[in-house]
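Everything below belongs to structure10.txt, which stores compact mmCIF, C-alpha atoms.
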```
# COMPACT_ATOMS: atom_id res chain seq x y z
CA MET A 10 -23.61 10.22 -2.08
CA ARG A 11 -24.21 6.55 -1.40
CA GLU A 12 -24.83 5.39 2.13
CA ILE A 13 -21.83 4.27 4.05
CA ASN A 14 -21.46 0.55 4.73
CA LYS A 15 -20.20 0.18 8.28
CA GLU A 16 -19.57 -3.55 8.13
CA LYS A 17 -17.06 -3.98 5.32
CA ALA A 18 -13.48 -2.82 4.98
CA LEU A 19 -10.77 -3.17 2.35
CA VAL A 20 -7.13 -3.31 3.45
CA VAL A 21 -4.37 -2.22 1.06
CA PHE A 22 -2.21 -5.24 1.72
CA SER A 23 1.44 -5.86 0.86
CA GLY A 24 2.05 -8.71 3.30
CA GLY A 25 4.61 -6.69 5.22
CA GLN A 26 4.70 -5.94 8.93
CA ASP A 27 2.63 -2.77 8.71
CA SER A 28 -0.21 -3.92 6.47
CA THR A 29 -0.47 -7.28 8.24
CA THR A 30 -0.90 -5.46 11.54
CA CYS A 31 -3.54 -3.31 9.82
CA LEU A 32 -5.28 -6.43 8.48
CA TYR A 33 -5.75 -7.80 12.00
CA TRP A 34 -6.74 -4.35 13.27
CA ALA A 35 -9.43 -4.26 10.57
CA LYS A 36 -10.60 -7.76 11.50
CA GLN A 37 -11.25 -6.47 15.00
CA MET A 38 -13.09 -3.37 13.75
CA PHE A 39 -15.22 -4.70 10.87
CA LYS A 40 -17.40 -7.72 10.20
CA GLU A 41 -16.14 -8.42 6.71
CA VAL A 42 -12.56 -7.69 5.69
CA SER A 43 -10.98 -7.93 2.25
CA ALA A 44 -7.29 -7.56 1.43
CA LEU A 45 -6.06 -6.20 -1.89
CA THR A 46 -2.44 -6.71 -2.97
CA PHE A 47 -0.92 -4.63 -5.75
CA ILE A 48 1.49 -6.08 -8.27
CA TYR A 49 3.69 -3.40 -9.77
CA GLY A 50 6.90 -4.94 -10.92
CA GLN A 51 8.28 -5.83 -7.51
CA LYS A 52 11.62 -7.55 -7.75
CA HIS A 53 10.34 -10.10 -5.32
CA ILE A 54 7.20 -11.87 -6.47
CA GLN A 55 7.41 -13.85 -3.22
CA GLU A 56 5.95 -10.69 -1.65
CA VAL A 57 2.69 -11.44 -3.44
CA ASP A 58 2.80 -15.11 -2.40
CA ALA A 59 3.48 -14.09 1.20
CA ALA A 60 0.57 -11.65 1.09
CA GLU A 61 -1.84 -14.30 -0.19
CA ARG A 62 -0.71 -16.84 2.42
CA ILE A 63 -1.09 -14.36 5.29
CA ALA A 64 -4.51 -13.19 4.11
CA ARG A 65 -5.80 -16.75 3.73
CA GLN A 66 -4.45 -17.62 7.17
CA ALA A 67 -6.31 -14.59 8.54
CA GLY A 68 -9.50 -15.89 6.93
CA VAL A 69 -10.17 -12.77 4.85
CA HIS A 70 -11.07 -12.42 1.20
CA TRP A 71 -7.88 -11.84 -0.80
CA ASP A 72 -7.41 -10.37 -4.24
CA LYS A 73 -4.56 -8.97 -6.27
CA MET A 74 -4.48 -6.26 -8.87
CA ASP A 75 -1.82 -5.56 -11.48
CA VAL A 76 -0.87 -1.90 -11.42
CA SER A 77 2.52 -2.32 -13.05
CA PHE A 78 1.79 0.75 -15.18
CA ILE A 79 3.02 2.83 -12.25
CA ALA A 80 6.49 1.35 -12.65
CA HIS A 81 6.73 3.00 -16.06
CA LEU A 82 5.66 6.43 -14.90
CA GLY A 83 8.83 7.31 -13.04
CA ARG A 84 12.32 5.95 -12.58
CA ASN A 85 12.86 4.29 -9.21
CA SER A 86 14.80 1.50 -7.53
CA LEU A 87 11.94 -0.64 -6.17
CA THR A 88 10.99 -1.65 -9.69
CA ASP A 89 14.09 -0.87 -11.75
CA SER A 90 16.58 -3.71 -11.45
CA THR A 91 19.45 -1.59 -12.79
CA MET A 92 19.53 0.37 -9.54
CA GLU A 93 20.93 -0.81 -6.24
CA MET A 94 18.34 -1.47 -3.56
CA ASP A 95 20.34 -0.48 -0.55
CA GLN A 96 21.32 2.92 -1.86
CA MET A 97 18.66 4.66 0.13
CA GLN A 98 20.42 7.99 0.46
CA PRO A 99 17.84 10.63 -0.29
CA VAL A 100 18.40 12.54 -3.52
CA GLY A 101 16.70 15.90 -3.23
CA GLY A 102 15.02 14.82 -0.01
CA VAL A 103 13.33 11.72 -1.43
CA PRO A 104 14.92 8.25 -1.34
CA ASN A 105 15.45 6.59 -4.70
CA THR A 106 12.95 3.86 -3.85
CA PHE A 107 10.33 6.55 -4.50
CA VAL A 108 7.58 5.61 -6.91
CA PRO A 109 6.07 9.06 -7.47
CA GLY A 110 2.62 9.13 -5.96
CA ARG A 111 2.52 5.39 -5.35
CA ASN A 112 -0.06 5.68 -2.60
CA LEU A 113 -2.07 8.03 -4.80
CA PHE A 114 -2.49 5.18 -7.29
CA PHE A 115 -2.87 2.40 -4.73
CA LEU A 116 -5.62 4.23 -2.86
CA SER A 117 -7.36 5.40 -6.05
CA VAL A 118 -7.47 1.87 -7.44
CA ALA A 119 -8.52 0.56 -4.02
CA ALA A 120 -11.38 3.07 -3.98
CA VAL A 121 -12.70 1.97 -7.39
CA TYR A 122 -12.35 -1.66 -6.31
CA ALA A 123 -14.15 -0.94 -3.02
CA ARG A 124 -16.93 1.00 -4.75
CA GLU A 125 -17.72 -1.94 -7.03
CA ARG A 126 -18.17 -4.12 -3.96
CA GLY A 127 -20.12 -1.74 -1.74
CA ILE A 128 -17.18 -1.19 0.60
CA SER A 129 -16.81 2.26 2.20
CA HIS A 130 -13.90 1.74 4.60
CA ILE A 131 -10.35 1.58 3.25
CA VAL A 132 -7.40 0.78 5.52
CA THR A 133 -3.77 1.56 4.73
CA GLY A 134 -0.62 1.10 6.79
CA VAL A 135 1.09 4.35 5.84
CA GLY A 136 2.49 6.50 8.61
CA GLU A 137 4.38 9.69 9.27
CA THR A 138 6.40 8.50 12.24
CA ASP A 139 9.05 6.40 10.50
CA PHE A 140 8.70 8.88 7.69
CA SER A 141 11.44 8.28 5.17
CA GLY A 142 10.87 11.21 2.87
CA TYR A 143 7.75 9.96 1.07
CA PRO A 144 5.24 12.80 0.76
CA ASP A 145 2.45 10.35 -0.05
CA CYS A 146 2.66 8.85 3.46
CA ARG A 147 1.73 12.10 5.19
CA ASP A 148 -1.54 12.58 6.99
CA ALA A 149 -2.41 15.76 5.06
CA PHE A 150 -2.06 13.92 1.75
CA ILE A 151 -4.23 11.00 2.87
CA LYS A 152 -6.97 13.34 4.09
CA SER A 153 -6.84 15.43 0.94
CA LEU A 154 -7.01 12.31 -1.23
CA ASN A 155 -9.94 11.03 0.82
CA VAL A 156 -11.86 14.17 -0.14
CA SER A 157 -10.74 13.92 -3.78
CA LEU A 158 -11.84 10.29 -4.05
CA ASN A 159 -15.24 11.08 -2.56
CA LEU A 160 -15.70 13.95 -5.00
CA ALA A 161 -14.42 11.92 -7.97
CA MET A 162 -16.94 9.13 -7.50
CA ASP A 163 -19.68 10.78 -5.47
CA GLU A 164 -19.06 8.31 -2.66
CA GLN A 165 -18.29 8.46 1.02
CA PHE A 166 -15.11 6.50 1.48
CA VAL A 167 -13.38 6.65 4.85
CA ILE A 168 -9.64 6.03 4.76
CA HIS A 169 -8.21 4.62 7.99
CA THR A 170 -4.52 4.88 8.88
CA PRO A 171 -4.10 3.05 12.19
CA LEU A 172 -0.30 3.40 12.07
CA MET A 173 -0.14 7.09 11.08
CA TRP A 174 1.25 8.37 14.38
CA ILE A 175 2.98 5.34 15.85
CA ASP A 176 6.54 4.13 15.32
CA LYS A 177 7.77 0.63 14.52
CA ALA A 178 8.08 -0.34 18.21
CA GLU A 179 4.48 0.71 18.81
CA THR A 180 3.44 -1.21 15.69
CA TRP A 181 4.97 -4.35 17.25
CA ALA A 182 3.06 -3.56 20.44
CA MET A 183 -0.17 -3.26 18.44
CA ALA A 184 0.42 -6.65 16.79
CA ASP A 185 1.04 -8.14 20.23
CA ARG A 186 -2.18 -6.63 21.63
CA LEU A 187 -4.05 -8.04 18.61
CA GLY A 188 -2.62 -11.48 19.44
CA VAL A 189 -0.65 -11.80 16.21
CA PHE A 190 2.90 -10.97 17.27
CA ASP A 191 4.26 -14.34 16.10
CA ILE A 192 2.40 -14.22 12.77
CA VAL A 193 3.74 -10.74 12.05
CA ARG A 194 7.26 -11.67 13.18
CA ASN A 195 7.51 -14.95 11.27
CA GLU A 196 5.23 -14.68 8.24
CA THR A 197 5.48 -11.12 6.99
CA LEU A 198 7.95 -9.94 4.38
CA THR A 199 9.43 -6.47 4.80
CA CYS A 200 13.01 -7.15 3.64
CA TYR A 201 14.17 -5.51 0.39
CA ASN A 202 16.01 -8.74 -0.40
CA GLY A 203 12.84 -10.82 -0.31
CA ILE A 204 13.53 -12.83 2.87
CA LYS A 205 10.50 -13.20 5.16
CA GLY A 206 10.46 -12.91 8.95
CA ASP A 207 13.62 -11.30 10.31
CA GLY A 208 14.89 -10.91 6.72
CA CYS A 209 18.43 -10.34 5.49
CA GLY A 210 19.17 -8.17 8.51
CA HIS A 211 21.18 -5.50 6.71
CA CYS A 212 18.87 -3.69 4.28
CA PRO A 213 17.25 -0.45 5.51
CA ALA A 214 13.83 -2.12 5.92
CA CYS A 215 15.31 -4.92 8.04
CA ARG A 216 17.26 -2.45 10.17
CA LEU A 217 14.17 -0.32 10.81
CA ARG A 218 12.08 -3.39 11.62
CA ARG A 219 14.71 -4.89 13.95
CA GLU A 220 15.33 -1.63 15.81
CA GLY A 221 11.59 -1.32 16.43
CA LEU A 222 11.37 -4.93 17.55
CA GLU A 223 14.30 -4.57 19.95
CA LYS A 224 12.85 -1.38 21.37
CA TYR A 225 9.45 -3.01 21.88
CA LEU A 226 10.88 -6.16 23.47
CA ALA A 227 13.06 -4.06 25.80
CA THR A 228 10.01 -2.04 26.88
CA LYS A 229 7.93 -5.18 27.33
CA ASN A 230 10.52 -7.01 29.38
CA HIS A 231 11.18 -4.04 31.64
CA GLY A 232 7.67 -2.60 31.60
CA MET B 18 8.11 22.11 -3.16
CA ARG B 19 9.85 22.53 -6.48
CA GLU B 20 9.75 25.86 -8.24
CA ILE B 21 7.00 26.30 -10.72
CA ASN B 22 7.91 26.30 -14.40
CA LYS B 23 5.85 29.00 -16.06
CA GLU B 24 6.80 28.15 -19.62
CA LYS B 25 5.69 24.57 -20.08
CA ALA B 26 2.25 23.00 -20.08
CA LEU B 27 0.89 19.51 -20.58
CA VAL B 28 -2.56 19.06 -22.15
CA VAL B 29 -4.61 15.95 -21.42
CA PHE B 30 -5.50 15.33 -25.02
CA SER B 31 -8.13 13.04 -26.54
CA GLY B 32 -8.30 14.67 -29.97
CA GLY B 33 -11.92 15.68 -29.44
CA GLN B 34 -13.47 19.13 -29.74
CA ASP B 35 -12.86 20.12 -26.12
CA SER B 36 -9.25 19.03 -25.69
CA THR B 37 -8.26 20.35 -29.14
CA THR B 38 -9.65 23.75 -28.19
CA CYS B 39 -7.67 23.47 -24.95
CA LEU B 40 -4.54 22.56 -26.90
CA TYR B 41 -4.70 25.77 -28.90
CA TRP B 42 -5.62 27.74 -25.76
CA ALA B 43 -2.45 26.34 -24.13
CA LYS B 44 -0.34 27.20 -27.19
CA GLN B 45 -1.41 30.81 -26.72
CA MET B 46 -0.65 30.78 -22.97
CA PHE B 47 2.63 28.82 -22.78
CA LYS B 48 5.91 28.70 -24.66
CA GLU B 49 6.20 24.93 -24.78
CA VAL B 50 3.14 22.69 -24.99
CA SER B 51 2.95 18.91 -24.82
CA ALA B 52 -0.11 16.76 -25.46
CA LEU B 53 -0.65 13.42 -23.74
CA THR B 54 -3.23 10.95 -25.09
CA PHE B 55 -4.49 8.09 -22.94
CA ILE B 56 -5.21 4.67 -24.38
CA TYR B 57 -7.70 2.78 -22.23
CA GLY B 58 -9.50 0.28 -24.37
CA GLN B 59 -11.40 2.74 -26.53
CA LYS B 60 -13.53 0.99 -29.09
CA HIS B 61 -12.21 3.41 -31.65
CA ILE B 62 -8.43 3.36 -31.96
CA GLN B 63 -8.86 6.00 -34.66
CA GLU B 64 -9.34 8.39 -31.72
CA VAL B 65 -5.66 7.95 -30.91
CA ASP B 66 -4.64 8.39 -34.55
CA ALA B 67 -6.77 11.53 -34.80
CA ALA B 68 -5.18 12.89 -31.61
CA GLU B 69 -1.66 12.33 -32.92
CA ARG B 70 -2.47 13.96 -36.26
CA ILE B 71 -4.02 17.03 -34.63
CA ALA B 72 -1.16 17.43 -32.16
CA ARG B 73 1.48 17.16 -34.90
CA GLN B 74 -0.44 19.66 -37.02
CA ALA B 75 -0.46 22.02 -34.01
CA GLY B 76 3.31 21.62 -33.77
CA VAL B 77 3.33 20.38 -30.18
CA HIS B 78 5.11 17.44 -28.61
CA TRP B 79 2.77 14.43 -28.57
CA ASP B 80 2.89 11.29 -26.51
CA LYS B 81 0.53 8.49 -25.62
CA MET B 82 0.22 6.41 -22.49
CA ASP B 83 -1.52 3.10 -22.02
CA VAL B 84 -3.79 3.23 -18.99
CA SER B 85 -6.04 0.37 -20.04
CA PHE B 86 -5.94 -0.93 -16.46
CA ILE B 87 -8.75 1.53 -15.72
CA ALA B 88 -11.04 -0.38 -18.07
CA HIS B 89 -10.82 -3.37 -15.74
CA LEU B 90 -11.64 -1.44 -12.58
CA GLY B 91 -15.32 -0.87 -13.30
CA ARG B 92 -17.92 -1.99 -15.79
CA ASN B 93 -18.81 0.69 -18.36
CA SER B 94 -19.90 1.11 -21.95
CA LEU B 95 -17.02 3.19 -23.32
CA THR B 96 -14.69 0.21 -23.03
CA ASP B 97 -17.04 -2.76 -22.80
CA SER B 98 -18.20 -3.79 -26.26
CA THR B 99 -21.07 -5.87 -24.88
CA MET B 100 -22.95 -2.70 -23.95
CA GLU B 101 -24.74 -0.39 -26.33
CA MET B 102 -23.07 2.97 -26.82
CA ASP B 103 -26.11 5.10 -27.32
CA GLN B 104 -27.88 3.95 -24.19
CA MET B 105 -26.84 7.02 -22.30
CA GLN B 106 -29.79 7.12 -19.93
CA PRO B 107 -28.37 7.74 -16.49
CA VAL B 108 -28.63 4.79 -14.10
CA GLY B 109 -28.58 6.08 -10.54
CA GLY B 110 -27.67 9.55 -11.82
CA VAL B 111 -24.56 8.49 -13.70
CA PRO B 112 -24.61 7.51 -17.39
CA ASN B 113 -23.34 4.04 -18.23
CA THR B 114 -20.37 5.46 -20.12
CA PHE B 115 -18.99 6.26 -16.67
CA VAL B 116 -15.47 4.98 -16.02
CA PRO B 117 -15.33 5.47 -12.25
CA GLY B 118 -12.83 8.17 -11.45
CA ARG B 119 -11.50 8.33 -15.00
CA ASN B 120 -10.26 11.90 -14.63
CA LEU B 121 -8.75 10.96 -11.28
CA PHE B 122 -6.49 8.50 -13.09
CA PHE B 123 -5.88 10.65 -16.18
CA LEU B 124 -4.81 13.65 -14.12
CA SER B 125 -2.76 11.56 -11.67
CA VAL B 126 -0.84 9.90 -14.50
CA ALA B 127 -0.49 13.26 -16.25
CA ALA B 128 0.98 14.73 -13.06
CA VAL B 129 3.63 12.01 -12.75
CA TYR B 130 4.40 12.41 -16.46
CA ALA B 131 4.63 16.21 -16.09
CA ARG B 132 6.81 15.96 -12.98
CA GLU B 133 9.37 13.83 -14.81
CA ARG B 134 9.65 16.52 -17.48
CA GLY B 135 9.70 19.59 -15.26
CA ILE B 136 6.20 20.65 -16.30
CA SER B 137 4.02 22.38 -13.69
CA HIS B 138 0.95 23.38 -15.70
CA ILE B 139 -1.62 20.74 -16.62
CA VAL B 140 -4.57 21.56 -18.87
CA THR B 141 -7.77 19.53 -19.11
CA GLY B 142 -10.96 20.12 -21.07
CA VAL B 143 -13.41 18.99 -18.40
CA GLY B 144 -16.33 21.24 -17.60
CA GLU B 145 -19.44 21.49 -15.48
CA THR B 146 -21.66 23.25 -17.99
CA ASP B 147 -22.54 20.37 -20.30
CA PHE B 148 -22.31 18.25 -17.18
CA SER B 149 -23.64 14.81 -17.95
CA GLY B 150 -23.58 13.29 -14.49
CA TYR B 151 -19.84 12.71 -14.16
CA PRO B 152 -18.69 13.76 -10.70
CA ASP B 153 -15.05 13.81 -11.83
CA CYS B 154 -15.77 16.76 -14.18
CA ARG B 155 -16.78 19.09 -11.36
CA ASP B 156 -14.73 22.08 -10.36
CA ALA B 157 -14.61 21.05 -6.68
CA PHE B 158 -13.13 17.66 -7.61
CA ILE B 159 -10.49 19.19 -9.88
CA LYS B 160 -9.41 21.65 -7.18
CA SER B 161 -9.34 18.98 -4.49
CA LEU B 162 -7.29 16.70 -6.72
CA ASN B 163 -4.90 19.55 -7.51
CA VAL B 164 -4.15 19.81 -3.78
CA SER B 165 -3.89 16.01 -3.42
CA LEU B 166 -1.42 15.75 -6.31
CA ASN B 167 0.74 18.54 -4.89
CA LEU B 168 0.79 16.84 -1.50
CA ALA B 169 1.41 13.39 -2.98
CA MET B 170 4.53 14.44 -4.86
CA ASP B 171 5.61 17.57 -3.01
CA GLU B 172 5.13 19.58 -6.19
CA GLN B 173 3.27 22.66 -7.26
CA PHE B 174 1.13 21.61 -10.17
CA VAL B 175 -1.49 24.02 -11.46
CA ILE B 176 -4.46 22.40 -13.19
CA HIS B 177 -6.16 24.63 -15.76
CA THR B 178 -9.73 24.01 -16.91
CA PRO B 179 -10.43 26.65 -19.59
CA LEU B 180 -13.81 25.08 -20.44
CA MET B 181 -15.07 24.58 -16.87
CA TRP B 182 -17.81 27.22 -17.00
CA ILE B 183 -18.60 27.49 -20.70
CA ASP B 184 -21.01 25.46 -22.80
CA LYS B 185 -20.46 23.82 -26.19
CA ALA B 186 -21.53 26.96 -28.11
CA GLU B 187 -19.00 29.04 -26.16
CA THR B 188 -16.36 26.37 -26.79
CA TRP B 189 -16.96 26.80 -30.53
CA ALA B 190 -16.64 30.56 -30.01
CA MET B 191 -13.33 30.02 -28.21
CA ALA B 192 -11.99 27.87 -31.06
CA ASP B 193 -13.02 30.58 -33.50
CA ARG B 194 -11.28 33.31 -31.47
CA LEU B 195 -8.16 31.12 -31.37
CA GLY B 196 -8.29 30.90 -35.18
CA VAL B 197 -8.87 27.14 -35.25
CA PHE B 198 -12.58 26.82 -35.93
CA ASP B 199 -12.05 24.80 -39.12
CA ILE B 200 -9.46 22.51 -37.55
CA VAL B 201 -11.76 21.78 -34.62
CA ARG B 202 -14.77 21.30 -36.89
CA ASN B 203 -13.10 19.06 -39.47
CA GLU B 204 -10.28 17.21 -37.72
CA THR B 205 -11.49 16.42 -34.22
CA LEU B 206 -13.25 13.21 -33.25
CA THR B 207 -16.03 13.43 -30.68
CA CYS B 208 -18.51 10.91 -32.14
CA TYR B 209 -19.09 7.69 -30.19
CA ASN B 210 -19.17 5.86 -33.51
CA GLY B 211 -15.66 6.94 -34.43
CA ILE B 212 -16.46 9.31 -37.30
CA LYS B 213 -14.44 12.53 -37.26
CA GLY B 214 -15.71 16.04 -37.95
CA ASP B 215 -19.49 16.25 -37.83
CA GLY B 216 -19.62 12.52 -36.97
CA CYS B 217 -22.52 10.09 -37.27
CA GLY B 218 -24.97 12.82 -36.29
CA HIS B 219 -27.19 10.72 -34.04
CA CYS B 220 -25.13 9.62 -31.03
CA PRO B 221 -25.39 11.77 -27.87
CA ALA B 222 -21.91 13.27 -28.39
CA CYS B 223 -22.74 14.29 -31.97
CA ARG B 224 -26.06 15.79 -30.90
CA LEU B 225 -24.45 17.83 -28.12
CA ARG B 226 -21.70 19.00 -30.47
CA ARG B 227 -24.11 19.94 -33.28
CA GLU B 228 -26.51 21.77 -30.99
CA GLY B 229 -23.61 23.84 -29.67
CA LEU B 230 -22.36 24.51 -33.17
CA GLU B 231 -25.79 25.61 -34.43
CA LYS B 232 -26.23 27.85 -31.40
CA TYR B 233 -22.81 29.43 -31.95
CA LEU B 234 -23.32 29.94 -35.68
CA ALA B 235 -26.76 31.49 -35.07
CA THR B 236 -25.26 33.91 -32.54
CA LYS B 237 -22.36 34.72 -34.84
CA ASN B 238 -24.54 35.35 -37.91
CA HIS B 239 -26.98 37.51 -36.00
CA GLY B 240 -24.50 39.01 -33.53
```

As a first step, turn the structure in this file into structure tokens.
Amino acid sequence: MREINKEKALVVFSGGQDSTTCLYWAKQMFKEVSALTFIYGQKHIQEVDAAERIARQAGVHWDKMDVSFIAHLGRNSLTDSTMEMDQMQPVGGVPNTFVPGRNLFFLSVAAVYARERGISHIVTGVGETDFSGYPDCRDAFIKSLNVSLNLAMDEQFVIHTPLMWIDKAETWAMADRLGVFDIVRNETLTCYNGIKGDGCGHCPACRLRREGLEKYLATKNHG
Amino acid sequence: MREINKEKALVVFSGGQDSTTCLYWAKQMFKEVSALTFIYGQKHIQEVDAAERIARQAGVHWDKMDVSFIAHLGRNSLTDSTMEMDQMQPVGGVPNTFVPGRNLFFLSVAAVYARERGISHIVTGVGETDFSGYPDCRDAFIKSLNVSLNLAMDEQFVIHTPLMWIDKAETWAMADRLGVFDIVRNETLTCYNGIKGDGCGHCPACRLRREGLEKYLATKNHG
């Protein structure tokens, strides 16, 4: 086992609300933060541009990696343009935006990337609270994979999931505490239709984001 | 969790001695066997041709998948033609043919592939006995990853490692018991210099294979 490097962290970074909040969380926790954005046949390449812009604005090292092979492994709507985005009704318990084991691949690639650069800490914005049927967002999976990655490469990675047990409203609160509420609100891209900030307003991602925002603002104003 | 399908198995298949022995082991254990060969920037594309030929001769379904992205994740001699193949001296305990987490990616991709086809059983020829410093060949890693894969996709995969605790001589004995000694000896490609059967004779893979073969034949003739 290599020694753990306590100063550096790598954030799995999409440029959305969750991973941007995680990026600023990591900046507070570690001396040197890198952000890694995965390209995997997203319909909206502006997601990658948004990610780069946000990372550069945050003053962290930014990199992208093409993992579009995962789009060919299983049929799914996030990468298959023949399927409708907003048909999010779960089929067999899992929404059709499901890329099987997406976080398995993201975190595995992130670990190899981190290893090459002497980084031990890996940060991801996955969470169970607004759990939408994705098994690879669960805490048990992340912890199991952490062990698997350490065994696979004889390393001592530590995967951090600052949003695991908080909901969208609490994620807005975290961004506010970190002093980046406006950046997260205006610069991040969560919308399935590729519109940054408040987005299209009607896709499931926009609805979830807005409901959390309204809940947080209501709490803040009356708190 | 889906129900487990007891009839179908997928073999991670390189066309070498180990995975060919596993292929015939699987044919004896399961009704329907598929073989999946990974392409990842091997110097010797004849490995893929050999794999296809052996699989077709065995009468199993064969498929290949391009995972050459893994070659770009870390620097290593199996895919980087600027490094010498036969310099296998471990550096920091791990030989320079090490693709970090190679089996992590192979088995993860195999699991997604298997899931799409209703296959629960996955067979791989990794083993600890002729352990050459690769952490991702260890039993603890394979078992940990098995759990991670099941959690990632809410499935019940079962990873089989028929060669985990046997050495090369015992692998030859297994091939013989399965009635495929000649096929394994003459058709498989293990040699780092891309020569099938007994190979170039001087690379580390050929030496390991020959030593096992001589040991097995000595035991057999005097047993």

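Distance-wise, atom CA of Ile139 of chain B and atom CA of Val76 of chain A end up 23.2 Å apart.
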
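In this model, the gap between atom CA of Cys223 of chain B and atom CA of Ala186 of chain B comes to 13.3 Å.
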
### Query
Contacts of segment 69-80 of chain B at 8 Å or less, counting all atoms listed in the file, minus same-chain residues fewer than 4 places along, as a PyMOL selection string?
chain B and resi 32+37+41+49-54+65+204-205

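What separates atom CA of Pro109 of chain A from atom CA of Asp58 of chain A is a distance of 24.9 Å.
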
Determine, using only C-alpha atoms, which residues of chain B have any atom at most 7 Å from an atom of chain A, and tabulate each with its shortest atom pair and distance in Å to one decimal place, rows ordered by chain and then rising number, as a Markdown table.
```
| residue | atom | partner | partner_atom | distance |
| --- | --- | --- | --- | --- |
| B:Leu90 | CA | A:Val121 | CA | 6.3 |
| B:Gly91 | CA | A:Glu125 | CA | 6.8 |
| B:Pro117 | CA | A:Met162 | CA | 6.2 |
| B:Gly118 | CA | A:Ala161 | CA | 5.4 |
| B:Leu121 | CA | A:Ala161 | CA | 6.6 |
| B:Val129 | CA | A:Leu82 | CA | 6.3 |
| B:Tyr130 | CA | A:Leu82 | CA | 6.3 |
| B:Glu133 | CA | A:Gly83 | CA | 6.8 |
| B:Pro152 | CA | A:Ala161 | CA | 5.4 |
| B:Asp153 | CA | A:Ala161 | CA | 4.3 |
| B:Phe158 | CA | A:Leu160 | CA | 5.2 |
| B:Ser161 | CA | A:Ser157 | CA | 5.3 |
| B:Leu162 | CA | A:Ser157 | CA | 5.3 |
| B:Val164 | CA | A:Ser153 | CA | 7.0 |
| B:Ser165 | CA | A:Ser153 | CA | 5.3 |
| B:Leu168 | CA | A:Phe150 | CA | 5.2 |
| B:Ala169 | CA | A:Asp145 | CA | 4.3 |
| B:Met170 | CA | A:Gly110 | CA | 5.7 |
| B:Asp171 | CA | A:Pro144 | CA | 6.1 |
```

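Minimum atom-to-atom distance to Lys17 of chain A, evaluated using only C-alpha atoms, belongs to A:Gly127 out of A:Gly127, A:Gly136, A:Pro213, A:Gly203.
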
### Query
Residues at most 8 Å from segment 38-40 of chain A, counting all atoms listed in the file, excluding those fewer than 6 positions away in the same chain, as a VMD selection string?
chain A and resid 15 to 18

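Ranking A:Thr228, A:Gln55, A:Gln26, A:Thr170 by their shortest atom-to-atom distance to Asp207 of chain A, with all atoms listed in the file included, puts A:Gln26 first.
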
### Query
Could you pull the residues within 12 Å of Ile54 of chain A, counting only C-alpha atoms, minus those fewer than 5 positions along the same chain, as number ranges by chain?
A: 23-24, 46-49, 59-61, 88, 198, 201-204

Using C-alpha atoms, can you export the residues from the last selection as a PDB file, in the coordinates of the input?
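The result, stored in part.pdb:
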```pdb
ATOM      1  CA  SER A  23       1.440  -5.860   0.860  1.00  0.00           C
ATOM      2  CA  GLY A  24       2.050  -8.710   3.300  1.00  0.00           C
ATOM      3  CA  THR A  46      -2.440  -6.710  -2.970  1.00  0.00           C
ATOM      4  CA  PHE A  47      -0.920  -4.630  -5.750  1.00  0.00           C
ATOM      5  CA  ILE A  48       1.490  -6.080  -8.270  1.00  0.00           C
ATOM      6  CA  TYR A  49       3.690  -3.400  -9.770  1.00  0.00           C
ATOM      7  CA  ALA A  59       3.480 -14.090   1.200  1.00  0.00           C
ATOM      8  CA  ALA A  60       0.570 -11.650   1.090  1.00  0.00           C
ATOM      9  CA  GLU A  61      -1.840 -14.300  -0.190  1.00  0.00           C
ATOM     10  CA  THR A  88      10.990  -1.650  -9.690  1.00  0.00           C
ATOM     11  CA  LEU A 198       7.950  -9.940   4.380  1.00  0.00           C
ATOM     12  CA  TYR A 201      14.170  -5.510   0.390  1.00  0.00           C
ATOM     13  CA  ASN A 202      16.010  -8.740  -0.400  1.00  0.00           C
ATOM     14  CA  GLY A 203      12.840 -10.820  -0.310  1.00  0.00           C
ATOM     15  CA  ILE A 204      13.530 -12.830   2.870  1.00  0.00           C
TER      16      ILE A 204
END
```

### Message
Counting only C-alpha atoms, which residue out of B:Lys81, B:Lys232, B:His138, B:His219 sits closest to Asp184 of chain B?
### Response
B:Lys232

#### Entry: Pick from A:Ser129, A:Glu56, A:Phe115, A:Asp185 nearest to Lys229 of chain A, counting all atoms listed in the file
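Checking each of A:Ser129, A:Glu56, A:Phe115, A:Asp185 against Lys229 of chain A, counting all atoms listed in the file, the winner is A:Asp185.
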